[in-house]
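S.K.: Sharing final32.csv (CSV, C-alpha atoms) below.
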```csv
chain,number,residue,atom,x,y,z
A,20,MET,CA,108.7,36.4,60.3
A,21,GLU,CA,111.9,38.4,59.9
A,22,LEU,CA,111.4,42.0,58.9
A,23,GLY,CA,113.8,44.7,57.9
A,24,SER,CA,116.3,45.4,55.1
A,25,ASN,CA,120.1,45.8,54.7
A,26,LEU,CA,122.2,47.8,52.3
A,27,LEU,CA,125.5,46.4,50.9
A,28,PHE,CA,127.7,48.7,49.0
A,29,LEU,CA,130.1,47.2,46.4
A,30,GLU,CA,132.6,49.4,44.6
A,31,THR,CA,133.7,47.9,41.3
A,32,PRO,CA,135.8,47.3,39.3
A,33,ALA,CA,139.0,46.8,41.4
A,34,GLY,CA,140.7,50.1,42.0
A,35,VAL,CA,137.5,52.2,42.2
A,36,GLY,CA,136.8,54.0,45.5
A,37,PHE,CA,137.8,51.8,48.4
A,38,SER,CA,138.2,48.6,46.3
A,39,TYR,CA,141.6,47.3,45.6
A,40,SER,CA,143.5,44.3,44.2
A,41,ASN,CA,146.8,42.8,45.3
A,42,THR,CA,147.6,42.2,41.6
A,43,SER,CA,148.3,45.5,39.9
A,44,SER,CA,147.5,44.2,36.4
A,45,ASN,CA,143.9,43.8,37.5
A,46,LEU,CA,143.6,47.6,37.5
A,47,LEU,CA,144.5,47.6,33.8
A,48,ASP,CA,142.6,44.7,32.3
A,49,SER,CA,139.2,45.0,34.0
A,50,GLY,CA,136.2,45.2,31.7
A,51,ASP,CA,132.4,44.6,31.8
A,52,ARG,CA,132.7,40.8,31.6
A,53,ARG,CA,135.3,40.4,34.3
A,54,THR,CA,133.6,43.0,36.6
A,55,ALA,CA,130.4,41.1,36.4
A,56,LYS,CA,132.1,37.8,37.2
A,57,ASP,CA,134.1,39.4,40.1
A,58,SER,CA,130.9,40.9,41.5
A,59,LEU,CA,129.1,37.5,41.4
A,60,ALA,CA,132.1,35.9,43.2
A,61,PHE,CA,131.9,38.6,45.8
A,62,LEU,CA,128.2,38.1,46.4
A,63,VAL,CA,128.5,34.3,46.6
A,64,ASN,CA,131.4,34.5,49.0
A,65,TRP,CA,129.7,37.1,51.1
A,66,MET,CA,126.5,35.1,51.4
A,67,ASN,CA,128.6,32.1,52.4
A,68,ARG,CA,130.3,34.1,55.1
A,69,TYR,CA,127.0,35.5,56.3
A,70,PRO,CA,124.5,32.7,55.6
A,71,ARG,CA,121.6,34.4,57.5
A,72,TYR,CA,121.2,36.6,54.5
A,73,LYS,CA,121.2,33.9,51.9
A,74,HIS,CA,117.4,33.7,51.5
A,75,ARG,CA,116.8,37.5,51.7
A,76,GLU,CA,115.3,39.1,48.7
A,77,LEU,CA,118.1,40.7,46.7
A,78,TYR,CA,117.7,43.9,44.7
A,79,ILE,CA,120.7,45.4,42.7
A,80,THR,CA,120.8,49.2,42.2
A,81,GLY,CA,123.3,51.6,40.9
A,82,GLU,CA,123.8,54.8,38.9
A,83,SER,CA,125.8,56.0,35.8
A,84,TYR,CA,127.9,53.1,34.5
A,85,ALA,CA,125.8,50.8,36.6
A,86,GLY,CA,123.7,50.9,33.4
A,87,HIS,CA,126.2,48.2,32.3
A,88,TYR,CA,127.3,46.7,35.7
A,89,VAL,CA,123.8,46.1,37.2
A,90,PRO,CA,122.1,44.2,34.3
A,91,GLN,CA,125.3,42.3,33.6
A,92,LEU,CA,125.6,41.2,37.2
A,93,ALA,CA,121.9,40.2,37.1
A,94,ARG,CA,122.6,38.1,34.1
A,95,GLU,CA,125.5,36.4,35.9
A,96,ILE,CA,123.3,35.7,38.9
A,97,LEU,CA,120.6,34.1,36.7
A,98,ALA,CA,123.3,31.9,35.1
A,99,TYR,CA,124.6,31.0,38.5
A,100,ASN,CA,121.1,30.1,39.8
A,101,ASN,CA,120.5,27.8,36.8
A,102,ALA,CA,123.7,25.9,37.7
A,103,ASN,CA,123.1,26.0,41.4
A,104,SER,CA,119.4,25.4,41.8
A,105,LYS,CA,119.8,24.2,45.4
A,106,HIS,CA,121.5,27.4,46.6
A,107,PRO,CA,120.3,30.2,44.4
A,108,LEU,CA,120.7,33.9,45.1
A,109,ASN,CA,117.2,35.3,45.7
A,110,LEU,CA,117.4,38.1,43.0
A,111,LYS,CA,114.1,40.0,42.8
A,112,GLY,CA,114.8,43.0,40.8
A,113,ILE,CA,117.3,45.7,39.5
A,114,MET,CA,117.2,49.5,39.3
A,115,VAL,CA,119.5,52.0,37.7
A,116,GLY,CA,119.4,55.8,37.9
A,117,ASN,CA,120.8,58.1,35.2
A,118,ALA,CA,122.2,55.1,33.5
A,119,VAL,CA,124.9,54.9,30.9
A,120,THR,CA,123.7,52.3,28.4
A,121,ASP,CA,124.3,53.1,24.8
A,122,ASN,CA,126.4,56.0,23.4
A,123,TYR,CA,123.9,57.0,20.7
A,124,TYR,CA,120.7,56.9,22.8
A,125,ASP,CA,122.4,58.4,25.9
A,126,ASN,CA,123.8,61.3,23.9
A,127,LEU,CA,120.7,61.9,21.8
A,128,GLY,CA,118.6,61.7,25.0
A,129,THR,CA,120.8,64.3,26.7
A,130,VAL,CA,120.4,66.9,23.9
A,131,THR,CA,116.7,66.1,23.6
A,132,TYR,CA,116.2,66.6,27.3
A,133,TRP,CA,117.9,70.0,27.2
A,134,TRP,CA,115.6,71.1,24.3
A,135,SER,CA,112.4,69.6,25.7
A,136,HIS,CA,113.0,71.5,29.0
A,137,ALA,CA,113.7,74.8,27.3
A,138,MET,CA,117.4,74.8,28.3
A,139,ILE,CA,118.5,75.4,24.7
A,140,SER,CA,116.8,77.0,21.7
A,141,ASP,CA,115.1,75.2,18.8
A,142,LYS,CA,117.9,76.5,16.5
A,143,THR,CA,120.7,75.1,18.7
A,144,PHE,CA,118.9,71.8,19.1
A,145,HIS,CA,118.5,71.2,15.4
A,146,GLN,CA,122.1,72.2,14.8
A,147,LEU,CA,123.3,69.7,17.4
A,148,ILE,CA,121.1,67.0,15.9
A,149,ASN,CA,122.3,67.7,12.3
A,150,THR,CA,126.0,68.2,13.2
A,151,CYS,CA,126.9,65.8,15.9
A,152,ASN,CA,127.5,62.1,15.3
A,153,PHE,CA,126.1,60.7,18.6
A,154,HIS,CA,127.5,57.2,17.8
A,155,GLN,CA,131.1,58.5,18.3
A,156,GLN,CA,132.9,58.8,21.6
A,157,LYS,CA,134.9,61.9,20.4
A,158,ASN,CA,133.1,64.9,19.0
A,159,SER,CA,134.1,66.9,16.0
A,160,GLU,CA,135.3,70.5,16.5
A,161,GLU,CA,132.0,71.8,15.0
A,162,CYS,CA,130.0,69.7,17.4
A,163,GLU,CA,132.2,70.8,20.4
A,164,SER,CA,131.6,74.4,19.5
A,165,LEU,CA,127.9,73.9,19.5
A,166,TYR,CA,128.0,72.2,22.9
A,167,SER,CA,130.1,75.1,24.2
A,168,TYR,CA,127.6,77.6,22.8
A,169,ALA,CA,124.7,75.8,24.4
A,170,MET,CA,126.3,75.6,27.8
A,171,ASP,CA,127.9,79.1,27.8
A,172,GLN,CA,125.2,81.1,26.2
A,173,GLU,CA,121.9,79.3,26.6
A,174,PHE,CA,121.8,77.1,29.7
A,175,GLY,CA,121.8,80.1,32.1
A,176,ASN,CA,122.4,79.5,35.8
A,177,ILE,CA,120.9,76.0,36.0
A,178,ASP,CA,122.0,72.9,37.8
A,179,GLN,CA,121.2,70.3,35.1
A,180,TYR,CA,121.3,67.5,37.5
A,181,ASN,CA,118.3,69.1,39.2
A,182,ILE,CA,116.9,71.8,37.0
A,183,TYR,CA,114.1,72.7,39.5
A,184,ALA,CA,116.5,73.3,42.4
A,185,PRO,CA,119.0,76.2,43.0
A,186,PRO,CA,122.4,75.7,41.5
A,187,CYS,CA,125.8,75.7,43.3
A,188,ASN,CA,126.9,79.3,42.7
A,189,ASN,CA,129.6,81.9,43.6
A,190,SER,CA,132.7,80.4,42.0
A,191,SER,CA,134.9,81.0,39.0
A,192,ASP,CA,135.1,77.3,38.3
A,193,GLY,CA,132.1,77.2,35.9
A,194,ALA,CA,134.2,76.6,32.9
A,195,ASP,CA,135.6,73.4,34.5
A,196,ALA,CA,132.1,72.1,35.0
A,197,ARG,CA,131.1,72.9,31.4
A,198,SER,CA,134.2,71.4,29.9
A,199,THR,CA,133.4,68.0,31.5
A,200,LEU,CA,130.4,67.8,29.3
A,201,ARG,CA,132.4,68.1,26.1
A,202,SER,CA,133.3,64.4,26.6
A,203,MET,CA,129.5,63.7,26.4
A,204,LYS,CA,129.1,63.2,30.1
A,205,MET,CA,127.0,65.3,32.5
A,206,PRO,CA,129.1,68.1,34.1
A,207,HIS,CA,130.2,67.8,37.7
A,208,LEU,CA,129.1,70.5,40.1
A,209,SER,CA,132.1,72.7,41.0
A,210,HIS,CA,130.7,75.8,42.6
A,211,HIS,CA,130.0,76.8,46.2
A,212,VAL,CA,126.8,77.8,47.9
A,213,SER,CA,125.4,77.9,51.4
A,214,ARG,CA,123.3,75.0,52.5
A,215,LYS,CA,119.7,75.2,51.0
A,216,LEU,CA,116.4,74.6,52.5
A,217,SER,CA,114.5,71.2,52.4
A,218,GLY,CA,117.8,69.3,53.0
A,219,TYR,CA,119.0,69.6,49.4
A,220,ASP,CA,122.5,71.0,49.0
A,221,PRO,CA,123.7,71.3,45.3
A,222,CYS,CA,127.3,71.6,46.4
A,223,THR,CA,127.5,68.1,48.0
A,224,GLU,CA,129.8,66.8,45.4
A,225,LYS,CA,132.2,69.7,45.8
A,226,TYR,CA,132.5,69.0,49.5
A,227,ALA,CA,133.3,65.4,48.8
A,228,GLU,CA,136.0,66.2,46.2
A,229,SER,CA,137.7,68.9,48.3
A,230,GLY,CA,137.3,67.1,51.7
A,231,ASP,CA,135.7,70.3,53.1
A,232,VAL,CA,134.2,68.5,56.1
A,233,ASP,CA,133.3,71.8,57.8
A,234,SER,CA,130.9,72.6,54.9
A,235,TRP,CA,128.7,69.6,55.9
A,236,CYS,CA,128.4,70.9,59.4
A,237,GLN,CA,127.2,74.4,58.7
```
Take the structure in the file and give it back as structure tokens.
M.R.:
Amino acid sequence: MELGSNLLFLETPAGVGFSYSNTSSNLLDSGDRRTAKDSLAFLVNWMNRYPRYKHRELYITGESYAGHYVPQLAREILAYNNANSKHPLNLKGIMVGNAVTDNYYDNLGTVTYWWSHAMISDKTFHQLINTCNFHQQKNSEECESLYSYAMDQEFGNIDQYNIYAPPCNNSSDGADARSTLRSMKMPHLSHHVSRKLSGYDPCTEKYAESGDVDSWCQ
């Protein structure tokens, strides 16, 4: 009986991270449908190249926009298996963290999370609910101002990716982090702090973006 597990990282669509395409137009016309089909083609070809993994249990995981990519790839795999019953991919499950799924529910859920965790006041919560159209990609000026007020005046010094852990502090870049949220996305960490106990460092993303390798080694 063969034991153990393997991780395979796939960066999609073409042009993301270390992925690339020899056809420049591929960087402009990628979408959910083509990304799912490209990912399936990759998996099938990879399994053919390394056949010893063909019968391993396959779990697909991801975060953020993987809320689209993971279930869409799973659907392509199921269709592939129906058409290739003799050589199916052994898909067992999927998992997505902090998933982008639907504008309305994602945006409403974000605001509700802030309120239910006492990050914003009742008044600000109800103003956001009554003012912002969570179906829209672009916010109105009134909605933008409410978001700005919530982040600048009510959040406090909190890392909203992990509200129970210390934030990444000691920087003047806080406005940049807050401005990211105004596109209805969670703000990126952009401060600096010394490494924390228990192995958690809230400034990890900053090191990756700045290439500050020395910070990892302190």
S.K.: I'd like the neighbourhood of Leu147 in chain A as a short mmCIF file (atom, residue, chain, number, x, y, z; two decimals) with C-alpha atoms, in the coordinates of the input, where a residue qualifies if any of its atoms comes within 9 Å (using all atoms listed in the file), though same-chain residues fewer than 3 positions away should be ignored.
M.R.:
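Result went into around-v2.cif, see below:
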```cif
data_model
loop_
_atom_site.label_atom_id
_atom_site.label_comp_id
_atom_site.auth_asym_id
_atom_site.auth_seq_id
_atom_site.Cartn_x
_atom_site.Cartn_y
_atom_site.Cartn_z
CA VAL A 130 120.40 66.90 23.90
CA LYS A 142 117.90 76.50 16.50
CA THR A 143 120.70 75.10 18.70
CA PHE A 144 118.90 71.80 19.10
CA THR A 150 126.00 68.20 13.20
CA CYS A 151 126.90 65.80 15.90
CA ASN A 152 127.50 62.10 15.30
CA CYS A 162 130.00 69.70 17.40
CA LEU A 165 127.90 73.90 19.50
CA TYR A 166 128.00 72.20 22.90
#
```
S.K.: Which residues are close to Gly86 in chain A, i.e. within 8 Å by all atoms listed in the file, leaving aside same-chain residues fewer than 3 positions away? Reply as a PyMOL selection string.
M.R.: chain A and resi 81-83+89-90+115-120
S.K.: So which one's closest to Leu59 in chain A, A:Gln156, A:Ser38, A:Ser140, A:Asn100? Using all atoms listed in the file, please.
M.R.: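 The answer is A:Asn100, which sits nearest to Leu59 in chain A.
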S.K.: Which value, in Å to one decimal, gives the distance between CA of Tyr183 in chain A and CA of Asp141 in chain A?
M.R.: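 These two atoms are separated by 20.9 Å.
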S.K.: For a quick check of understanding, using only C-alpha atoms, which of A:Ile139, A:Ala33, A:Met170, A:Ile79 has the smallest distance to Arg53 in chain A?
M.R.: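 Of A:Ile139, A:Ala33, A:Met170, A:Ile79, the one nearest Arg53 in chain A is A:Ala33, counting only C-alpha atoms.
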S.K.: Go ahead and find all residues with at least one atom no further than 12 Å from (119.3, 65.2, 24.5) in the file's coordinates, using all atoms listed in the file; report them as a count of residues only.
M.R.: 31
S.K.: Kindly give the distance, in Å, that separates CA of Gly34 in chain A and CA of Met66 in chain A, rounded to a single decimal.
M.R.: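 If I compute the distance from CA of Gly34 in chain A to CA of Met66 in chain A, I get 22.7 Å.
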S.K.: Pick out the closest residue to His154 in chain A from this set: A:Asp121, A:Leu97, A:Arg52, A:Ala102. Count only C-alpha atoms.
M.R.: A:Asp121
S.K.: Compile a residue-level contact table for range 69-122 of chain A against range 47-50 of chain A at a cut-off of 12 Å, reporting for every qualifying residue the shortest atom pair and its distance in Å to one decimal, with all atoms listed in the file counted, rows ordered by chain and ascending number, as a tab-separated table.
M.R.:
```
residue	atom	partner	partner_atom	distance
A:Tyr84	CA	A:Gly50	CA	11.8
A:His87	CA	A:Gly50	CA	10.5
A:Tyr88	CA	A:Gly50	CA	9.9
A:Gln91	CA	A:Gly50	CA	11.4
```
S.K.: For CA of Arg75 in chain A and CA of Asp57 in chain A, quote the distance in Å rounded to one decimal.
M.R.: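 Computing the Euclidean distance for CA of Arg75 in chain A and CA of Asp57 in chain A yields 20.9 Å.
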